[in-house]
$ cat data-v5.pdb   # PDB, C-alpha atoms
ATOM      1  CA  MET D 756      18.382  11.915   5.640
ATOM      2  CA  GLU D 757      20.119   8.574   5.164
ATOM      3  CA  ASN D 758      21.808   7.065   2.130
ATOM      4  CA  LEU D 759      22.848   3.559   1.058
ATOM      5  CA  VAL D 760      19.539   2.162   2.269
ATOM      6  CA  HIS D 761      18.313  -0.878   0.358
ATOM      7  CA  LEU D 762      14.553  -1.178   0.152
ATOM      8  CA  SER D 763      14.779  -4.984   0.267
ATOM      9  CA  ASN D 764      14.995  -4.497   4.045
ATOM     10  CA  LEU D 765      11.868  -2.318   4.108
ATOM     11  CA  THR D 766       9.398  -4.150   1.844
ATOM     12  CA  THR D 767       7.270  -7.216   2.533
ATOM     13  CA  PHE D 768       8.461  -8.695  -0.776
ATOM     14  CA  GLY D 769      12.073  -8.498   0.428
ATOM     15  CA  LEU D 770      13.070  -6.862  -2.849
ATOM     16  CA  GLY D 771      14.435  -3.461  -3.783
ATOM     17  CA  GLY D 772      17.600  -1.566  -4.491
ATOM     18  CA  ALA D 773      19.008   1.733  -3.227
ATOM     19  CA  PRO D 774      17.197   5.029  -3.930
ATOM     20  CA  LEU D 775      19.017   8.232  -4.828
ATOM     21  CA  ARG D 776      18.114   9.578  -1.388
ATOM     22  CA  TYR D 777      16.345   8.076   1.602
ATOM     23  CA  PHE D 778      14.445  10.360   3.969
ATOM     24  CA  ARG D 779      12.762   9.332   7.198
ATOM     25  CA  PRO D 780      11.272  12.613   8.442
ATOM     26  CA  LYS D 781      10.497  12.915  12.139
ATOM     27  CA  GLY D 782       7.706  15.424  11.558
ATOM     28  CA  PRO D 783       6.190  17.961   9.158
ATOM     29  CA  LEU D 784       9.227  20.271   9.287
ATOM     30  CA  GLU D 785      11.615  17.509   8.225
ATOM     31  CA  LEU D 786       9.094  16.351   5.635
ATOM     32  CA  ARG D 787       8.991  19.878   4.189
ATOM     33  CA  GLU D 788      12.807  19.898   4.086
ATOM     34  CA  ALA D 789      12.918  16.517   2.322
ATOM     35  CA  LEU D 790      10.511  17.770  -0.328
ATOM     36  CA  ARG D 791      12.530  20.991  -0.632
ATOM     37  CA  GLN D 792      15.699  19.023  -1.306
ATOM     38  CA  CYS D 793      13.968  16.883  -3.902
ATOM     39  CA  ARG D 794      12.619  19.978  -5.616
ATOM     40  CA  ARG D 795      16.013  21.737  -5.519
ATOM     41  CA  LEU D 796      17.738  18.711  -7.065
ATOM     42  CA  CYS D 797      14.893  18.101  -9.579
ATOM     43  CA  MET D 798      14.679  14.623  -8.078
ATOM     44  CA  PRO D 799      11.461  12.604  -8.283
ATOM     45  CA  TRP D 800      10.334  10.938  -5.055
ATOM     46  CA  ARG D 801       8.053   8.193  -3.840
ATOM     47  CA  ALA D 802       6.421   7.704  -0.454
ATOM     48  CA  LEU D 803       6.872   4.444   1.452
ATOM     49  CA  GLY D 804       4.745   3.267   4.359
ATOM     50  CA  GLY D 805       4.727  -0.306   5.632
ATOM     51  CA  GLY D 806       6.344  -1.632   2.463
ATOM     52  CA  SER D 807       3.473  -3.894   1.383
ATOM     53  CA  ASN D 808       1.778  -3.812  -2.028
ATOM     54  CA  VAL D 809       4.946  -2.578  -3.721
ATOM     55  CA  LEU D 810       7.345  -4.324  -6.113
ATOM     56  CA  VAL D 811      10.652  -2.472  -6.044
ATOM     57  CA  GLU D 812      13.244  -3.489  -8.597
ATOM     58  CA  ASP D 813      16.789  -4.389  -7.614
ATOM     59  CA  GLY D 814      19.615  -2.018  -8.529
ATOM     60  CA  ARG D 815      19.924   1.739  -8.458
ATOM     61  CA  LEU D 816      16.552   3.477  -8.153
ATOM     62  CA  PRO D 817      16.183   6.803 -10.050
ATOM     63  CA  PHE D 818      14.193   8.544  -7.323
ATOM     64  CA  ALA D 819      14.255   9.468  -3.646
ATOM     65  CA  VAL D 820      12.171   7.622  -1.061
ATOM     66  CA  ILE D 821      10.339   9.374   1.774
ATOM     67  CA  HIS D 822       9.569   6.832   4.473
ATOM     68  CA  MET D 823       6.540   7.836   6.588
ATOM     69  CA  GLU D 824       7.337   5.555   9.491
ATOM     70  CA  GLU D 825       8.229   7.776  12.444
ATOM     71  CA  PRO D 826       5.892   8.023  15.509
ATOM     72  CA  SER D 827       5.038  11.621  14.598
ATOM     73  CA  PHE D 828       3.173  10.231  11.580
ATOM     74  CA  ALA D 829       1.768   7.150  13.332
ATOM     75  CA  TRP D 830      -0.742   8.549  15.816
ATOM     76  CA  ILE D 831      -4.481   7.927  16.216
ATOM     77  CA  ARG D 832      -6.932  10.122  18.086
ATOM     78  CA  ARG D 833     -10.629  10.597  18.438
ATOM     79  CA  THR D 834     -11.925  14.005  17.337
ATOM     80  CA  GLY D 835     -15.666  13.463  17.747
ATOM     81  CA  ALA D 836     -18.271  10.936  18.790
ATOM     82  CA  THR D 837     -17.664   8.831  15.674
ATOM     83  CA  ARG D 838     -14.738  10.607  14.093
ATOM     84  CA  LEU D 839     -11.059   9.623  14.045
ATOM     85  CA  ARG D 840      -8.004  11.510  12.850
ATOM     86  CA  VAL D 841      -5.059   9.304  11.955
ATOM     87  CA  GLY D 842      -1.466   9.822  10.853
ATOM     88  CA  ALA D 843      -0.548   8.282   7.505
ATOM     89  CA  GLY D 844       2.154   6.155   9.141
ATOM     90  CA  ALA D 845      -0.200   4.469  11.623
ATOM     91  CA  ARG D 846      -0.383   0.706  11.179
ATOM     92  CA  ILE D 847      -3.715  -0.754  10.084
ATOM     93  CA  VAL D 848      -3.593  -3.239  12.950
ATOM     94  CA  SER D 849      -3.223  -0.343  15.422
ATOM     95  CA  LEU D 850      -6.138   1.547  13.870
ATOM     96  CA  LEU D 851      -8.396  -1.502  14.105
ATOM     97  CA  ALA D 852      -7.410  -2.148  17.726
ATOM     98  CA  PHE D 853      -8.303   1.482  18.505
ATOM     99  CA  CYS D 854     -11.673   1.149  16.733
ATOM    100  CA  ARG D 855     -12.487  -2.038  18.623
ATOM    101  CA  ARG D 856     -11.586  -0.497  21.973
ATOM    102  CA  GLU D 857     -13.533   2.692  21.238
ATOM    103  CA  GLU D 858     -16.520   0.760  19.815
ATOM    104  CA  LEU D 859     -16.380   2.354  16.367
ATOM    105  CA  GLU D 860     -17.418   0.314  13.334
ATOM    106  CA  GLY D 861     -16.904   0.743   9.617
ATOM    107  CA  LEU D 862     -13.346  -0.448   8.947
ATOM    108  CA  GLU D 863     -13.574  -4.109   9.977
ATOM    109  CA  PHE D 864     -13.021  -5.240   6.383
ATOM    110  CA  LEU D 865      -9.378  -4.134   6.684
ATOM    111  CA  ALA D 866      -8.605  -6.811   9.298
ATOM    112  CA  GLY D 867      -5.714  -9.003   8.259
ATOM    113  CA  LEU D 868      -4.163  -6.439   5.920
ATOM    114  CA  PRO D 869      -0.556  -5.417   6.567
ATOM    115  CA  GLY D 870       0.819  -1.939   6.033
ATOM    116  CA  THR D 871      -0.160   1.571   7.036
ATOM    117  CA  VAL D 872      -3.213   3.780   6.856
ATOM    118  CA  GLY D 873      -1.528   5.942   4.213
ATOM    119  CA  GLY D 874      -0.927   2.939   2.005
ATOM    120  CA  ALA D 875      -4.499   1.725   2.481
ATOM    121  CA  ILE D 876      -5.841   5.126   1.426
ATOM    122  CA  ALA D 877      -3.463   5.441  -1.541
ATOM    123  CA  GLY D 878      -4.610   2.033  -2.781
ATOM    124  CA  ASN D 879      -8.244   2.525  -1.700
ATOM    125  CA  ALA D 880      -7.977  -0.848   0.023
ATOM    126  CA  GLY D 881     -11.151  -2.831   0.301
ATOM    127  CA  ALA D 882     -12.945  -6.145   0.618
ATOM    128  CA  ARG D 883     -16.493  -7.521   0.747
ATOM    129  CA  GLY D 884     -17.837  -4.665  -1.336
ATOM    130  CA  LYS D 885     -16.399  -1.963   0.909
ATOM    131  CA  ALA D 886     -13.426   0.374   0.470
ATOM    132  CA  VAL D 887     -11.486   2.890   2.535
ATOM    133  CA  ALA D 888     -12.964   5.781   0.555
ATOM    134  CA  ASP D 889     -16.413   4.944   1.967
ATOM    135  CA  ALA D 890     -15.377   5.990   5.481
ATOM    136  CA  LEU D 891     -12.898   8.733   4.595
ATOM    137  CA  ARG D 892     -13.984  12.311   5.356
ATOM    138  CA  ARG D 893     -10.922  14.416   4.538
ATOM    139  CA  VAL D 894      -7.143  14.273   4.189
ATOM    140  CA  TRP D 895      -4.157  16.497   4.927
ATOM    141  CA  THR D 896      -1.404  16.506   2.319
ATOM    142  CA  MET D 897       1.825  18.380   1.723
ATOM    143  CA  THR D 898       2.564  19.713  -1.746
ATOM    144  CA  PRO D 899       6.077  19.605  -3.252
ATOM    145  CA  ASP D 900       6.535  23.294  -2.377
ATOM    146  CA  GLY D 901       5.805  22.572   1.307
ATOM    147  CA  ARG D 902       2.228  23.811   1.581
ATOM    148  CA  CYS D 903      -0.252  21.899   3.758
ATOM    149  CA  VAL D 904      -3.577  21.317   2.019
ATOM    150  CA  VAL D 905      -6.815  19.956   3.471
ATOM    151  CA  SER D 906      -9.106  18.177   1.000
ATOM    152  CA  ALA D 907     -12.561  16.686   1.463
ATOM    153  CA  SER D 908     -12.847  13.098   0.292
ATOM    154  CA  GLU D 909     -15.281  14.227  -2.406
ATOM    155  CA  GLU D 910     -12.478  16.239  -3.989
ATOM    156  CA  LEU D 911     -10.247  13.185  -4.392
ATOM    157  CA  ARG D 912     -10.460  10.883  -7.377
ATOM    158  CA  PHE D 913     -10.939   7.435  -5.910
ATOM    159  CA  GLY D 914     -11.166   4.364  -8.089
ATOM    160  CA  TYR D 915     -10.858   0.644  -7.717
ATOM    161  CA  ARG D 916      -7.671   0.128  -5.657
ATOM    162  CA  HIS D 917      -6.583   3.646  -6.512
ATOM    163  CA  ALA D 918      -6.602   7.189  -5.116
ATOM    164  CA  GLU D 919      -5.247  10.281  -6.838
ATOM    165  CA  PHE D 920      -3.363  12.888  -4.806
ATOM    166  CA  GLY D 921      -1.450  14.429  -7.677
ATOM    167  CA  GLU D 922       2.047  15.385  -6.571
ATOM    168  CA  ALA D 923       1.085  15.859  -2.915
ATOM    169  CA  LEU D 924       2.136  13.542  -0.100
ATOM    170  CA  LEU D 925      -0.473  12.205   2.318
ATOM    171  CA  MET D 926       0.162  13.120   5.989
ATOM    172  CA  GLU D 927      -3.121  12.626   7.862
ATOM    173  CA  ALA D 928      -6.677  11.443   7.343
ATOM    174  CA  GLU D 929     -10.016  11.734   9.071
ATOM    175  CA  PHE D 930     -12.601   8.945   9.121
ATOM    176  CA  GLU D 931     -16.302   9.116   9.880
ATOM    177  CA  LEU D 932     -17.400   5.844  11.474
ATOM    178  CA  ALA D 933     -20.423   4.655  13.459
ATOM    179  CA  ARG D 934     -21.035   3.543  17.018
ATOM    180  CA  GLY D 935     -21.065  -0.215  17.392
ATOM    181  CA  ASP D 936     -20.915  -3.065  19.852
ATOM    182  CA  ARG D 937     -17.372  -4.050  20.823
ATOM    183  CA  LYS D 938     -18.066  -7.783  20.688
ATOM    184  CA  LEU D 939     -19.729  -7.596  17.269
ATOM    185  CA  ILE D 940     -16.902  -5.421  15.920
ATOM    186  CA  ALA D 941     -14.361  -7.967  17.183
ATOM    187  CA  LEU D 942     -16.325 -10.819  15.603
ATOM    188  CA  ARG D 943     -16.448  -9.098  12.209
ATOM    189  CA  MET D 944     -12.746  -8.287  12.365
ATOM    190  CA  GLY D 945     -12.030 -11.889  13.273
ATOM    191  CA  ASP D 946     -14.098 -13.151  10.342
ATOM    192  CA  CYS D 947     -12.278 -10.899   7.877
ATOM    193  CA  ALA D 948      -8.837 -11.783   9.217
ATOM    194  CA  ARG D 949      -9.697 -15.499   9.233
ATOM    195  CA  ALA D 950     -10.913 -15.383   5.628
ATOM    196  CA  ARG D 951      -7.588 -13.885   4.576
ATOM    197  CA  ARG D 952      -5.595 -16.460   6.567
ATOM    198  CA  ASP D 953      -7.628 -19.325   5.072
ATOM    199  CA  ASN D 954      -7.325 -18.180   1.462
ATOM    200  CA  GLN D 955      -4.053 -16.298   1.237
ATOM    201  CA  PRO D 956      -0.428 -17.235   1.965
ATOM    202  CA  ILE D 957       0.689 -16.066   5.394
ATOM    203  CA  GLY D 958       4.208 -15.839   6.767
ATOM    204  CA  ILE D 959       5.959 -15.882   3.377
ATOM    205  CA  SER D 960       7.423 -12.804   1.697
ATOM    206  CA  SER D 961       4.966 -11.367  -0.833
ATOM    207  CA  ALA D 962       3.408  -8.040  -1.762
ATOM    208  CA  GLY D 963      -0.248  -9.076  -1.579
ATOM    209  CA  CYS D 964      -2.433  -9.370  -4.672
ATOM    210  CA  ILE D 965      -0.454  -8.832  -7.867
ATOM    211  CA  PHE D 966      -3.365  -7.972 -10.181
ATOM    212  CA  LYS D 967      -6.623  -6.098  -9.835
ATOM    213  CA  ASN D 968      -9.786  -8.115 -10.342
ATOM    214  CA  PRO D 969     -11.250  -7.507 -13.802
ATOM    215  CA  PRO D 970     -15.000  -6.820 -14.050
ATOM    216  CA  GLY D 971     -17.143  -9.860 -13.338
ATOM    217  CA  CYS D 972     -14.424 -12.238 -12.140
ATOM    218  CA  THR D 973     -11.331 -12.505  -9.983
ATOM    219  CA  ALA D 974      -7.748 -12.481 -11.168
ATOM    220  CA  GLY D 975      -6.965 -15.414  -8.887
ATOM    221  CA  ALA D 976      -9.642 -17.615 -10.463
ATOM    222  CA  LEU D 977      -8.495 -16.775 -14.003
ATOM    223  CA  LEU D 978      -4.872 -17.532 -13.150
ATOM    224  CA  GLU D 979      -5.814 -20.789 -11.446
ATOM    225  CA  ARG D 980      -7.737 -21.898 -14.540
ATOM    226  CA  CYS D 981      -4.598 -21.166 -16.543
ATOM    227  CA  GLY D 982      -2.660 -23.584 -14.337
ATOM    228  CA  MET D 983      -0.425 -20.909 -12.862
ATOM    229  CA  LYS D 984      -0.472 -22.162  -9.251
ATOM    230  CA  GLY D 985       3.008 -23.338  -8.300
ATOM    231  CA  ARG D 986       4.654 -21.889 -11.421
ATOM    232  CA  ARG D 987       8.179 -20.850 -10.481
ATOM    233  CA  ILE D 988      10.933 -18.743 -12.007
ATOM    234  CA  GLY D 989      14.129 -18.559  -9.978
ATOM    235  CA  GLY D 990      13.155 -17.774  -6.410
ATOM    236  CA  ALA D 991       9.705 -16.401  -7.316
ATOM    237  CA  GLU D 992       6.688 -18.706  -7.181
ATOM    238  CA  VAL D 993       2.951 -18.348  -7.738
ATOM    239  CA  SER D 994       1.264 -19.368  -4.498
ATOM    240  CA  ALA D 995      -0.387 -22.782  -4.383
ATOM    241  CA  GLU D 996      -3.037 -21.265  -2.095
ATOM    242  CA  HIS D 997      -3.979 -18.214  -4.143
ATOM    243  CA  ALA D 998      -2.890 -17.772  -7.754
ATOM    244  CA  ASN D 999      -2.907 -13.963  -7.513
ATOM    245  CA  PHE D1000       0.020 -14.010  -5.052
ATOM    246  CA  ILE D1001       3.697 -14.304  -5.923
ATOM    247  CA  LEU D1002       5.992 -15.535  -3.159
ATOM    248  CA  ASN D1003       9.647 -14.772  -2.631
ATOM    249  CA  ARG D1004      11.047 -18.151  -1.635
ATOM    250  CA  GLY D1005      14.161 -16.502  -0.258
ATOM    251  CA  ALA D1006      16.359 -15.924  -3.266
ATOM    252  CA  ALA D1007      14.050 -14.190  -5.734
ATOM    253  CA  SER D1008      15.206 -11.238  -7.782
ATOM    254  CA  SER D1009      12.921  -8.547  -9.100
ATOM    255  CA  ARG D1010      13.696  -9.918 -12.569
ATOM    256  CA  ASP D1011      12.280 -13.312 -11.511
ATOM    257  CA  VAL D1012       9.080 -11.661 -10.295
ATOM    258  CA  LEU D1013       8.669  -9.482 -13.378
ATOM    259  CA  GLU D1014       9.147 -12.448 -15.697
ATOM    260  CA  LEU D1015       6.563 -14.415 -13.741
ATOM    261  CA  ILE D1016       4.150 -11.474 -13.955
ATOM    262  CA  ARG D1017       4.696 -11.366 -17.723
ATOM    263  CA  GLU D1018       3.857 -15.086 -18.001
ATOM    264  CA  MET D1019       0.756 -14.707 -15.826
ATOM    265  CA  LYS D1020      -0.560 -11.817 -17.911
ATOM    266  CA  GLU D1021       0.146 -13.648 -21.160
ATOM    267  CA  ALA D1022      -1.588 -16.818 -19.956
ATOM    268  CA  VAL D1023      -4.807 -14.948 -19.098
ATOM    269  CA  ARG D1024      -4.661 -12.840 -22.261
ATOM    270  CA  SER D1025      -4.165 -15.893 -24.446
ATOM    271  CA  ARG D1026      -6.916 -18.013 -22.889
ATOM    272  CA  PHE D1027      -9.552 -15.423 -21.941
ATOM    273  CA  GLY D1028      -8.674 -12.306 -23.931
ATOM    274  CA  ILE D1029      -8.486 -10.326 -20.682
ATOM    275  CA  GLU D1030      -5.675  -7.872 -19.968
ATOM    276  CA  LEU D1031      -4.824  -8.027 -16.272
ATOM    277  CA  GLU D1032      -3.831  -4.750 -14.620
ATOM    278  CA  LEU D1033      -1.264  -4.560 -11.844
ATOM    279  CA  GLU D1034      -2.551  -3.859  -8.355
ATOM    280  CA  VAL D1035       0.908  -3.999  -6.797
ATOM    281  CA  ARG D1036       2.826  -0.755  -7.304
ATOM    282  CA  HIS D1037       5.868  -1.236  -9.531
ATOM    283  CA  TRP D1038       8.907   0.920  -8.805
ATOM    284  CA  PRO D1039      11.400   0.458 -11.673
ATOM    285  CA  ALA D1040      15.157   0.668 -11.354
ATOM    286  CA  GLU D1041      17.470   2.838 -13.398
ATOM    287  CA  ARG D1042      17.926   1.557 -16.915
ATOM    288  CA  ARG D1043      21.518   1.281 -18.054
ATOM    289  CA  ALA D1044      22.492   2.102 -21.610
ATOM    290  CA  ALA D1045      23.300  -0.947 -23.730
TER     291      ALA D1045
END

$ encode --input "data-v5.pdb" --output "structure tokens"
Amino acid sequence: MENLVHLSNLTTFGLGGAPLRYFRPKGPLELREALRQCRRLCMPWRALGGGSNVLVEDGRLPFAVIHMEEPSFAWIRRTGATRLRVGAGARIVSLLAFCRREELEGLEFLAGLPGTVGGAIAGNAGARGKAVADALRRVWTMTPDGRCVVSASEELRFGYRHAEFGEALLMEAEFELARGDRKLIALRMGDCARARRDNQPIGISSAGCIFKNPPGCTAGALLERCGMKGRRIGGAEVSAEHANFILNRGAASSRDVLELIREMKEAVRSRFGIELELEVRHWPAERRAA
């Protein structure tokens, strides 16, 4: 366990204050102990992977953070002809490299995404009409009381950019893929990664897409039609490349980002009557009494 850790150093947005407790378990036993401490102290907790797709507010955070980043949670191994078992802390880029080398297809659409396998599953990441849930066979989770539970993917409630694990914490996952040609797999991965590079801001602090796409259209297109590209509040700016991205230009505060999100939602609501829903996960700070 470590304290006085600021999540601004651990998130792709470069934002975030200090949690009540910070745990970086080296394996299931330390994970069980972290959950035990949270339960004993009646302290809520949140799991952190690669730090993408999360907007953490500045200031004191009213929860503990369990960071699934150690090598004991970042492994990948083959368990059958077309089956992989993967630790939740494994990086997406590492998983795709493994699939390419082992000539397994089915996850190419993830190419170009940052973060970890656990984060991709929790957000049911997807593109081009495909999603992580399509290839997922089962998961291993740990409940707050330290029990390990194995669940088939059919038992989980997957939705658009969402998966429901209740109060359990994801530790491992198993994927069912298909045999493929290494060169074709590499080509498809390259196409997906290139499409993201060509249409999304790269190399600037952000958390990925801010809003989910509403039915029948994309959030980025709606925001662009509202003239939101380039809109800036403090150090936070709507990307000129993709209007569904907010960039941290180096001095943004979480307040800047939240105010920009409020303006973006209001612009789309006012012009189109559509209520945009956050895709990025919002972790609020402690509210001080007035």

$ atom_distance --input "data-v5.pdb" --atom1 "CA of Gly844 (chain D)" --atom2 "CA of Asn999 (chain D)"
26.6 Å

$ residues_around --input "data-v5.pdb" --residues "Thr871 (chain D)" --least-positions-apart "6" --cutoff "7 Å" --atoms "only C-alpha atoms" --output "PDB file with C-alpha atoms, keeping the file's coordinate frame"
ATOM      1  CA  GLY D 804       4.745   3.267   4.359  1.00  0.00           C
ATOM      2  CA  GLY D 805       4.727  -0.306   5.632  1.00  0.00           C
ATOM      3  CA  ALA D 843      -0.548   8.282   7.505  1.00  0.00           C
ATOM      4  CA  GLY D 844       2.154   6.155   9.141  1.00  0.00           C
ATOM      5  CA  ALA D 845      -0.200   4.469  11.623  1.00  0.00           C
ATOM      6  CA  ARG D 846      -0.383   0.706  11.179  1.00  0.00           C
ATOM      7  CA  ILE D 847      -3.715  -0.754  10.084  1.00  0.00           C
TER       8      ILE D 847
END

$ atom_distance --input "data-v5.pdb" --atom1 "CA of Ala976 (chain D)" --atom2 "CA of Gly870 (chain D)"
25.0 Å

$ residues_around --input "data-v5.pdb" --residues "Leu859 (chain D)" --least-positions-apart "2" --cutoff "8 Å" --atoms "only C-alpha atoms" --output "PyMOL selection string"
chain D and resi 837+854-857+861+932-937+940

$ atom_distance --input "data-v5.pdb" --atom1 "CA of Asp1011 (chain D)" --atom2 "CA of Phe768 (chain D)"
12.3 Å

$ resolve_selection --input "data-v5.pdb" --expression "the PyMOL selection byres ((chain D and resi 925) around 10)" --output "compact mmCIF listing (two decimals) with C-alpha atoms, in the coordinates of the input"
# COMPACT_ATOMS: atom_id res chain seq x y z
CA ALA D 802 6.42 7.70 -0.45
CA MET D 823 6.54 7.84 6.59
CA GLY D 842 -1.47 9.82 10.85
CA ALA D 843 -0.55 8.28 7.50
CA GLY D 844 2.15 6.16 9.14
CA VAL D 872 -3.21 3.78 6.86
CA GLY D 873 -1.53 5.94 4.21
CA GLY D 874 -0.93 2.94 2.00
CA ILE D 876 -5.84 5.13 1.43
CA ALA D 877 -3.46 5.44 -1.54
CA VAL D 894 -7.14 14.27 4.19
CA TRP D 895 -4.16 16.50 4.93
CA THR D 896 -1.40 16.51 2.32
CA MET D 897 1.82 18.38 1.72
CA THR D 898 2.56 19.71 -1.75
CA CYS D 903 -0.25 21.90 3.76
CA VAL D 904 -3.58 21.32 2.02
CA PHE D 920 -3.36 12.89 -4.81
CA GLU D 922 2.05 15.38 -6.57
CA ALA D 923 1.08 15.86 -2.92
CA LEU D 924 2.14 13.54 -0.10
CA MET D 926 0.16 13.12 5.99
CA GLU D 927 -3.12 12.63 7.86
CA ALA D 928 -6.68 11.44 7.34

$ closest_atom_pairs --input "data-v5.pdb" --of "region 815-921 of chain D" --to "region 949-964 of chain D" --cutoff "9 Å" --atoms "only C-alpha atoms" --output "Markdown table"
| residue | atom | partner | partner_atom | distance |
| --- | --- | --- | --- | --- |
| D:Ala866 | CA | D:Arg951 | CA | 8.6 |
| D:Gly867 | CA | D:Arg951 | CA | 6.4 |
| D:Leu868 | CA | D:Arg951 | CA | 8.3 |
| D:Pro869 | CA | D:Gly963 | CA | 8.9 |

$ closest_residue --input "data-v5.pdb" --among "D:Arg832, D:Arg838, D:His1037, D:Lys885" --to "Phe853 (chain D)" --atoms "only C-alpha atoms"
D:Arg832

$ closest_residue --input "data-v5.pdb" --among "D:Arg987, D:Arg1010, D:Arg916, D:His822" --to "Leu1033 (chain D)" --atoms "only C-alpha atoms"
D:Arg916

$ closest_residue --input "data-v5.pdb" --among "D:Leu810, D:Leu865, D:Ala875, D:Ala819" --to "Leu1013 (chain D)" --atoms "all atoms listed in the file"
D:Leu810

$ residues_near_point --input "data-v5.pdb" --point "(-2.2, -18.9, -5.8)" --cutoff "10 Å" --atoms "only C-alpha atoms" --output "ChimeraX atom specification"
/D:954-956,964,975-976,978-979,982-986,992-1002

$ residues_around --input "data-v5.pdb" --residues "Pro1039 (chain D)" --least-positions-apart "6" --cutoff "10 Å" --atoms "only C-alpha atoms" --output "PyMOL selection string"
chain D and resi 771-772+810-818+1009

$ closest_residue --input "data-v5.pdb" --among "D:Asn764, D:Arg1024, D:Asp900, D:Glu863" --to "Cys793 (chain D)" --atoms "all atoms listed in the file"
D:Asp900

$ closest_residue --input "data-v5.pdb" --among "D:Ala882, D:Leu770, D:Ile821, D:Leu851" --to "Glu788 (chain D)" --atoms "all atoms listed in the file"
D:Ile821

$ closest_residue --input "data-v5.pdb" --among "D:Gly971, D:Pro899, D:Gly769, D:Phe913" --to "Gly990 (chain D)" --atoms "all atoms listed in the file"
D:Gly769

$ build_atoms --input "data-v5.pdb" --residues "region 936-948 of chain D" --atoms "N, CA, C and O atoms" --output "PDB file, in the frame of the given file"
ATOM      1  N   ASP D 936     -21.133  -2.211  18.686  1.00  0.00           N
ATOM      2  CA  ASP D 936     -20.915  -3.065  19.852  1.00  0.00           C
ATOM      3  C   ASP D 936     -19.526  -3.696  19.764  1.00  0.00           C
ATOM      4  O   ASP D 936     -19.163  -4.266  18.734  1.00  0.00           O
ATOM      5  N   ARG D 937     -18.761  -3.584  20.836  1.00  0.00           N
ATOM      6  CA  ARG D 937     -17.372  -4.050  20.823  1.00  0.00           C
ATOM      7  C   ARG D 937     -17.266  -5.525  20.438  1.00  0.00           C
ATOM      8  O   ARG D 937     -16.395  -5.909  19.654  1.00  0.00           O
ATOM      9  N   LYS D 938     -18.142  -6.349  20.982  1.00  0.00           N
ATOM     10  CA  LYS D 938     -18.066  -7.783  20.688  1.00  0.00           C
ATOM     11  C   LYS D 938     -18.376  -8.071  19.215  1.00  0.00           C
ATOM     12  O   LYS D 938     -17.720  -8.910  18.587  1.00  0.00           O
ATOM     13  N   LEU D 939     -19.386  -7.385  18.678  1.00  0.00           N
ATOM     14  CA  LEU D 939     -19.729  -7.596  17.269  1.00  0.00           C
ATOM     15  C   LEU D 939     -18.620  -7.084  16.342  1.00  0.00           C
ATOM     16  O   LEU D 939     -18.326  -7.697  15.318  1.00  0.00           O
ATOM     17  N   ILE D 940     -18.018  -5.949  16.709  1.00  0.00           N
ATOM     18  CA  ILE D 940     -16.902  -5.421  15.920  1.00  0.00           C
ATOM     19  C   ILE D 940     -15.756  -6.417  15.910  1.00  0.00           C
ATOM     20  O   ILE D 940     -15.167  -6.720  14.868  1.00  0.00           O
ATOM     21  N   ALA D 941     -15.436  -6.979  17.079  1.00  0.00           N
ATOM     22  CA  ALA D 941     -14.361  -7.967  17.183  1.00  0.00           C
ATOM     23  C   ALA D 941     -14.676  -9.207  16.366  1.00  0.00           C
ATOM     24  O   ALA D 941     -13.788  -9.774  15.708  1.00  0.00           O
ATOM     25  N   LEU D 942     -15.928  -9.642  16.376  1.00  0.00           N
ATOM     26  CA  LEU D 942     -16.325 -10.819  15.603  1.00  0.00           C
ATOM     27  C   LEU D 942     -16.146 -10.574  14.106  1.00  0.00           C
ATOM     28  O   LEU D 942     -15.640 -11.427  13.379  1.00  0.00           O
ATOM     29  N   ARG D 943     -16.574  -9.400  13.632  1.00  0.00           N
ATOM     30  CA  ARG D 943     -16.448  -9.098  12.209  1.00  0.00           C
ATOM     31  C   ARG D 943     -14.981  -8.984  11.801  1.00  0.00           C
ATOM     32  O   ARG D 943     -14.585  -9.450  10.737  1.00  0.00           O
ATOM     33  N   MET D 944     -14.177  -8.358  12.658  1.00  0.00           N
ATOM     34  CA  MET D 944     -12.746  -8.287  12.365  1.00  0.00           C
ATOM     35  C   MET D 944     -12.133  -9.675  12.317  1.00  0.00           C
ATOM     36  O   MET D 944     -11.319  -9.985  11.439  1.00  0.00           O
ATOM     37  N   GLY D 945     -12.540 -10.523  13.259  1.00  0.00           N
ATOM     38  CA  GLY D 945     -12.030 -11.889  13.273  1.00  0.00           C
ATOM     39  C   GLY D 945     -12.413 -12.659  12.026  1.00  0.00           C
ATOM     40  O   GLY D 945     -11.605 -13.415  11.466  1.00  0.00           O
ATOM     41  N   ASP D 946     -13.644 -12.470  11.569  1.00  0.00           N
ATOM     42  CA  ASP D 946     -14.098 -13.151  10.342  1.00  0.00           C
ATOM     43  C   ASP D 946     -13.280 -12.715   9.136  1.00  0.00           C
ATOM     44  O   ASP D 946     -12.881 -13.542   8.306  1.00  0.00           O
ATOM     45  N   CYS D 947     -13.039 -11.409   9.017  1.00  0.00           N
ATOM     46  CA  CYS D 947     -12.278 -10.899   7.877  1.00  0.00           C
ATOM     47  C   CYS D 947     -10.834 -11.389   7.911  1.00  0.00           C
ATOM     48  O   CYS D 947     -10.279 -11.804   6.894  1.00  0.00           O
ATOM     49  N   ALA D 948     -10.226 -11.331   9.087  1.00  0.00           N
ATOM     50  CA  ALA D 948      -8.837 -11.783   9.217  1.00  0.00           C
ATOM     51  C   ALA D 948      -8.736 -13.285   8.951  1.00  0.00           C
ATOM     52  O   ALA D 948      -7.791 -13.737   8.287  1.00  0.00           O
TER      53      ALA D 948
END
